[in-house]
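Let me begin by presenting the structure, written as structure tokens, before commenting on it.
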Amino acid sequence: MTAATLSARRDLARELFPPLAFAPDDSLFLLADQSIGFGFCGRPAAGSDGVANGLNVLLNLDWPAGTCLQFCLWASPDLEAVLAGYQALRTHCQAATRRAHVEQRVRFIRGGTAQPLEPRSGLRARHIQLVITAKLPLAGAEPTAMELGRAGELRTAAAPCLQTAGLAPVPLDPEGWLRIMGSLLNW
């Protein structure tokens with residue numbers, strides 16, 4: 001799959017799932033169903049040390065009635081950000097053979113998202129990630145200053161809980177949300 005194809009798929013997802021609004025300072029989304037939300041993308045926990053305590057604190061925050069918290073473990077075929085990071089770490093490679101090796105490895109891993117890396121096992125390359133979202137109900141179609149403030153406080157309080165749980169949370173922005181939605185729906 002080429003970079004142009006991936007870009008076209010993200011544009012299609014952007015058309016099908018348009019965010020009504022996004023507040024970049026607070027990382028809050030205004031949702032079409034009279035709610036406000038936020039999310040984080042992180043890594044799955046490798047063990048249980050500290051996970052229960054961090055999640056217990058998160059679940060015991062003062063969430064408004066009707067709040068929906070969602071945890072989605074997703075094996076995404078979208079490895080482009082990971083591969084771009086891999087390449088960026090190796091930009092200092094001067095030798096042509098090293099650069100060729102990096103490009104060959106990137107092509108191999110990228111190909112492993114569509115075809116099994118090893119035919120007998122059938123395993124494909126995936127980016128395992130944990131997507132955590134919160135959706136808070138609003139009293140009206142537009143959030144009040146108090147609702148925005150409360151949602152911002154909850155998002156700010158949720159991040160360290162997830163960090164303590166070892167989940168390495170990164171706040172979702174519109175581009176990240178569209179990339180996740182695109183890979184969930186096979187775009």
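Letters A, B, ... go to the chains of the structure tokens in the order shown; residues in each chain start at 1; ligands are counted from 1 in the same order.
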
May I have the residues within 7 Å of segment 109-117 of chain A as a PyMOL selection string, using only C-alpha atoms and disregarding those fewer than 5 positions away in the same chain?
-> chain A and resi 77+122-126

Just the selected residues (all heavy atoms), exported as an mmCIF file, in the first residue's frame, please.
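File written: part_39.cif
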data_model
loop_
_atom_site.group_PDB
_atom_site.id
_atom_site.type_symbol
_atom_site.label_atom_id
_atom_site.label_comp_id
_atom_site.auth_asym_id
_atom_site.auth_seq_id
_atom_site.Cartn_x
_atom_site.Cartn_y
_atom_site.Cartn_z
ATOM 1 N N PRO A 77 -3.275 -2.682 11.775
ATOM 2 C CA PRO A 77 -2.329 -2.871 10.684
ATOM 3 C C PRO A 77 -1.639 -1.556 10.283
ATOM 4 O O PRO A 77 -0.744 -1.562 9.448
ATOM 5 C CB PRO A 77 -3.207 -3.403 9.549
ATOM 6 C CG PRO A 77 -4.550 -2.829 9.827
ATOM 7 C CD PRO A 77 -4.657 -2.749 11.326
ATOM 8 N N GLY A 122 1.204 -17.767 9.613
ATOM 9 C CA GLY A 122 0.153 -16.838 9.198
ATOM 10 C C GLY A 122 0.166 -15.513 9.953
ATOM 11 O O GLY A 122 -0.761 -14.714 9.822
ATOM 12 N N LEU A 123 1.196 -15.270 10.756
ATOM 13 C CA LEU A 123 1.272 -14.035 11.544
ATOM 14 C C LEU A 123 1.537 -12.825 10.662
ATOM 15 O O LEU A 123 2.357 -12.871 9.757
ATOM 16 C CB LEU A 123 2.381 -14.144 12.600
ATOM 17 C CG LEU A 123 2.151 -15.159 13.704
ATOM 18 C CD1 LEU A 123 3.360 -15.208 14.616
ATOM 19 C CD2 LEU A 123 0.905 -14.810 14.491
ATOM 20 N N ARG A 124 0.839 -11.756 10.977
ATOM 21 C CA ARG A 124 1.016 -10.489 10.262
ATOM 22 C C ARG A 124 1.515 -9.430 11.225
ATOM 23 O O ARG A 124 1.281 -9.510 12.430
ATOM 24 C CB ARG A 124 -0.308 -10.041 9.647
ATOM 25 C CG ARG A 124 -0.778 -10.991 8.582
ATOM 26 C CD ARG A 124 -2.077 -10.547 7.995
ATOM 27 N NE ARG A 124 -2.560 -11.570 7.091
ATOM 28 C CZ ARG A 124 -3.239 -11.314 6.003
ATOM 29 N NH1 ARG A 124 -3.546 -10.080 5.696
ATOM 30 N NH2 ARG A 124 -3.647 -12.281 5.229
ATOM 31 N N ALA A 125 2.176 -8.440 10.691
ATOM 32 C CA ALA A 125 2.696 -7.339 11.512
ATOM 33 C C ALA A 125 1.536 -6.462 11.961
ATOM 34 O O ALA A 125 0.679 -6.083 11.163
ATOM 35 C CB ALA A 125 3.707 -6.517 10.718
ATOM 36 N N ARG A 126 1.523 -6.137 13.240
ATOM 37 C CA ARG A 126 0.461 -5.307 13.809
ATOM 38 C C ARG A 126 1.040 -4.377 14.864
ATOM 39 O O ARG A 126 2.047 -4.677 15.489
ATOM 40 C CB ARG A 126 -0.626 -6.166 14.471
ATOM 41 C CG ARG A 126 -1.401 -7.030 13.498
ATOM 42 C CD ARG A 126 -2.260 -6.175 12.586
ATOM 43 N NE ARG A 126 -3.128 -6.940 11.738
ATOM 44 C CZ ARG A 126 -2.953 -7.095 10.429
ATOM 45 N NH1 ARG A 126 -1.925 -6.563 9.839
ATOM 46 N NH2 ARG A 126 -3.810 -7.772 9.715
#

Select from chain A everything DSSP, run on the backbone, classes as strand (DSSP E or B), then give the selection as a ChimeraX atom specification.
-> /A:21-23,28-31,35-42,68-76,127-137,170-171

Which of segment 41-176 of chain A DSSP labels helix (DSSP H, G or I), written as JSON, numbers by chain | {"A": [51, 52, 53, 54, 55, 56, 57, 58, 59, 80, 81, 82, 83, 84, 85, 86, 87, 88, 89, 96, 97, 98, 99, 100, 101, 102, 103, 104, 105, 106, 107, 108, 109, 110, 111, 145, 146, 147, 148, 149, 150, 151, 152, 153, 154, 155, 156, 157, 158, 159, 160, 161, 162, 163, 164, 174, 175, 176]}

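Each of A:Leu83, A:Val131, A:Cys93, A:Ala88 was compared to Arg107 of chain A using only C-alpha atoms, and A:Leu83 turns out to be the nearest.
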